[in-house]
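Notes to accompany the following structure.
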Amino acid sequence: MKHLEWWETFTFEEKFFKTIEWLKNIGLKTDSKHPNDLTSDDIKNIYNLLGRCKFDKAWVGQCSNQANGGNCEEHSNIKCVSCGETATHECSETMQFVCGAPLCDECEHTIQSNGCNSGGILPQGLKSHCKKVEQKFKHWTEHL
């Protein structure tokens, strides 16, 4: 059982803090469970929340590789194509295919003059991806 093996790699203090983080994330009081009293299902839930890579693959979902609180080795050095910060996900915009460009949480696919991600004119000075606050056009659904 992968989650139990993962759990045993931590010191008691690390287990304690992971338990607190998990309890906060699921809306329980942080003192409602002690690390020594966790069930296998509890540990599996912690693993699914905190033990997997946080990188989100476009149209696939969260990476399933093991990681301790961040991105796995495969995704830890990927930079956002727009600003150069650490990427958290792939762009899920579709044209003929899924874009898939690595992006951080502050950037997105640039909206073109037609309110879509392609088939229009890019705003002057912007490339295919930009900071969300730099968008010049509104998405077509905002015009409905």
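In the structure tokens, each chain is lettered A, B, ... as it comes, each chain's residues begin at 1, and ligands are numbered from 1 in order of appearance.
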
Using only C-alpha atoms, determine which residues lie at most 12 Å from Trp22 in chain A, disregarding the query and same-chain residues fewer than 5 positions distant; provide the list as a PyMOL selection string. chain A and resi 15-17+27-35+38+42-51+69

Each residue of range 2-98 of chain A with at least one atom at most 10 Å from range 112-121 of chain A should appear once, together with its nearest atom pair and the corresponding distance in Å (one decimal); atoms considered: only C-alpha atoms; ordering: chain, then increasing residue number; output as a Markdown table.
```
| residue | atom | partner | partner_atom | distance |
| --- | --- | --- | --- | --- |
| A:Glu93 | CA | A:Asn117 | CA | 7.1 |
| A:Thr94 | CA | A:Asn117 | CA | 7.7 |
| A:Met95 | CA | A:Ser118 | CA | 6.6 |
| A:Gln96 | CA | A:Ser118 | CA | 9.6 |
```

Neighbours of range 99-107 of chain A within 12 Å (only C-alpha atoms; same-chain residues fewer than 2 positions away dropped), as number ranges by chain? A: 54-60, 75-97, 109-111, 117-118, 127-135

Would you put the residues from that selection into a file with N, CA and C atoms, as a compact mmCIF listing (two decimals), in the first residue's frame?
```txt
# COMPACT_ATOMS: atom_id res chain seq x y z
N LYS A 54 1.38 18.47 -7.32
CA LYS A 54 0.30 19.45 -7.45
C LYS A 54 0.09 19.92 -8.88
N PHE A 55 0.98 19.53 -9.80
CA PHE A 55 0.89 19.98 -11.19
C PHE A 55 -0.34 19.40 -11.86
N ASP A 56 -1.10 20.26 -12.56
CA ASP A 56 -2.34 19.85 -13.22
C ASP A 56 -2.10 19.75 -14.72
N LYS A 57 -2.30 18.55 -15.26
CA LYS A 57 -2.12 18.32 -16.69
C LYS A 57 -3.43 18.64 -17.42
N ALA A 58 -3.31 19.37 -18.51
CA ALA A 58 -4.49 19.79 -19.28
C ALA A 58 -5.32 18.59 -19.73
N TRP A 59 -6.60 18.62 -19.43
CA TRP A 59 -7.58 17.62 -19.83
C TRP A 59 -7.25 16.22 -19.31
N VAL A 60 -6.35 16.13 -18.33
CA VAL A 60 -5.99 14.85 -17.72
C VAL A 60 -6.27 14.90 -16.22
N HIS A 75 8.00 17.77 -12.74
CA HIS A 75 7.36 19.08 -12.91
C HIS A 75 7.97 20.20 -12.07
N SER A 76 8.94 19.92 -11.23
CA SER A 76 9.44 20.93 -10.30
C SER A 76 10.22 22.06 -10.98
N ASN A 77 10.80 21.81 -12.14
CA ASN A 77 11.60 22.85 -12.80
C ASN A 77 10.94 23.44 -14.03
N ILE A 78 9.67 23.15 -14.24
CA ILE A 78 8.98 23.69 -15.41
C ILE A 78 8.55 25.13 -15.12
N LYS A 79 8.85 26.02 -16.04
CA LYS A 79 8.56 27.44 -15.87
C LYS A 79 7.38 27.87 -16.74
N CYS A 80 6.66 28.85 -16.27
CA CYS A 80 5.53 29.44 -16.99
C CYS A 80 6.05 30.10 -18.27
N VAL A 81 5.39 29.81 -19.40
CA VAL A 81 5.82 30.39 -20.68
C VAL A 81 5.58 31.89 -20.75
N SER A 82 4.72 32.40 -19.90
CA SER A 82 4.39 33.82 -19.93
C SER A 82 5.33 34.66 -19.07
N CYS A 83 5.54 34.24 -17.81
CA CYS A 83 6.29 35.10 -16.88
C CYS A 83 7.56 34.47 -16.32
N GLY A 84 7.75 33.17 -16.50
CA GLY A 84 8.96 32.53 -16.01
C GLY A 84 8.89 31.99 -14.59
N GLU A 85 7.77 32.21 -13.91
CA GLU A 85 7.60 31.64 -12.56
C GLU A 85 7.40 30.12 -12.67
N THR A 86 7.42 29.43 -11.54
CA THR A 86 7.19 27.99 -11.55
C THR A 86 5.79 27.69 -12.07
N ALA A 87 5.69 26.81 -13.04
CA ALA A 87 4.39 26.45 -13.62
C ALA A 87 3.62 25.54 -12.67
N THR A 88 2.31 25.72 -12.62
CA THR A 88 1.44 24.89 -11.77
C THR A 88 0.51 24.01 -12.58
N HIS A 89 0.38 24.33 -13.88
CA HIS A 89 -0.55 23.58 -14.72
C HIS A 89 -0.25 23.81 -16.20
N GLU A 90 -0.87 22.97 -17.01
CA GLU A 90 -0.79 23.15 -18.45
C GLU A 90 -2.02 23.93 -18.91
N CYS A 91 -1.85 24.77 -19.91
CA CYS A 91 -2.97 25.52 -20.47
C CYS A 91 -3.96 24.55 -21.10
N SER A 92 -5.21 24.62 -20.71
CA SER A 92 -6.22 23.67 -21.19
C SER A 92 -7.08 24.23 -22.32
N GLU A 93 -6.69 25.41 -22.85
CA GLU A 93 -7.44 25.98 -23.97
C GLU A 93 -7.29 25.08 -25.19
N THR A 94 -8.35 25.03 -25.98
CA THR A 94 -8.33 24.18 -27.17
C THR A 94 -8.51 25.01 -28.42
N MET A 95 -7.81 24.62 -29.43
CA MET A 95 -7.99 25.14 -30.78
C MET A 95 -8.27 23.88 -31.60
N GLN A 96 -7.35 23.51 -32.46
CA GLN A 96 -7.46 22.21 -33.13
C GLN A 96 -7.05 21.12 -32.14
N PHE A 97 -6.08 21.45 -31.28
CA PHE A 97 -5.58 20.54 -30.24
C PHE A 97 -5.57 21.30 -28.92
N HIS A 109 -4.11 31.81 -21.19
CA HIS A 109 -4.10 31.98 -22.64
C HIS A 109 -4.66 33.37 -22.95
N THR A 110 -4.02 34.07 -23.86
CA THR A 110 -4.45 35.42 -24.22
C THR A 110 -5.75 35.36 -25.02
N ILE A 111 -6.70 36.17 -24.62
CA ILE A 111 -7.98 36.26 -25.33
C ILE A 111 -7.79 37.21 -26.52
N ASN A 117 -9.73 32.09 -27.97
CA ASN A 117 -8.29 31.89 -27.82
C ASN A 117 -7.57 31.75 -29.15
N SER A 118 -8.30 31.77 -30.25
CA SER A 118 -7.68 31.71 -31.57
C SER A 118 -8.67 32.27 -32.60
N LYS A 127 1.67 38.14 -26.26
CA LYS A 127 1.93 36.88 -26.97
C LYS A 127 0.75 35.95 -26.69
N SER A 128 0.91 34.68 -26.99
CA SER A 128 -0.20 33.73 -26.86
C SER A 128 -0.64 33.50 -25.41
N HIS A 129 0.20 33.86 -24.44
CA HIS A 129 -0.15 33.74 -23.01
C HIS A 129 0.26 35.03 -22.31
N CYS A 130 -0.51 35.41 -21.30
CA CYS A 130 -0.21 36.65 -20.59
C CYS A 130 -0.68 36.56 -19.14
N LYS A 131 -0.31 37.54 -18.34
CA LYS A 131 -0.84 37.64 -16.98
C LYS A 131 -2.34 37.90 -17.08
N LYS A 132 -3.11 37.33 -16.18
CA LYS A 132 -4.56 37.51 -16.22
C LYS A 132 -4.94 38.99 -16.18
N VAL A 133 -4.19 39.78 -15.42
CA VAL A 133 -4.50 41.21 -15.28
C VAL A 133 -4.14 42.01 -16.53
N GLU A 134 -3.40 41.41 -17.47
CA GLU A 134 -3.01 42.09 -18.70
C GLU A 134 -3.98 41.88 -19.86
N GLN A 135 -4.99 41.04 -19.66
CA GLN A 135 -5.94 40.75 -20.74
C GLN A 135 -6.56 42.05 -21.26
```

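Here CA of Asp41 in chain A stands at a distance of 12.9 Å from CA of Thr19 in chain A.
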
Which value, in Å to one decimal, gives the distance between CA of Met1 in chain A and CA of Asn71 in chain A?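 Between these atoms lies a distance of 21.4 Å.
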
May I ask for the distance between CA of Gln66 in chain A and CA of Trp6 in chain A, given in Å to one decimal place?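 If I compute the distance from CA of Gln66 in chain A to CA of Trp6 in chain A, I get 8.7 Å.
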
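The residues of range 41-124 of chain A that DSSP assigns to alpha helix (DSSP H) on this backbone come out as Asp41, Asp42, Ile43, Lys44, Asn45 and Ile46 of chain A.
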
Please write the residues from the selection above to a file, keeping C-alpha atoms, as a PDB file, in the first residue's frame.
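Output contents, as saved in selection09.pdb:
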```
ATOM      1  CA  ASP A  41      -8.243   5.404   5.022  1.00  0.00           C
ATOM      2  CA  ASP A  42      -7.275   8.657   6.779  1.00  0.00           C
ATOM      3  CA  ILE A  43      -3.663   8.237   5.640  1.00  0.00           C
ATOM      4  CA  LYS A  44      -4.841   7.454   2.106  1.00  0.00           C
ATOM      5  CA  ASN A  45      -6.888  10.684   2.129  1.00  0.00           C
ATOM      6  CA  ILE A  46      -3.864  12.645   3.371  1.00  0.00           C
TER       7      ILE A  46
END
```
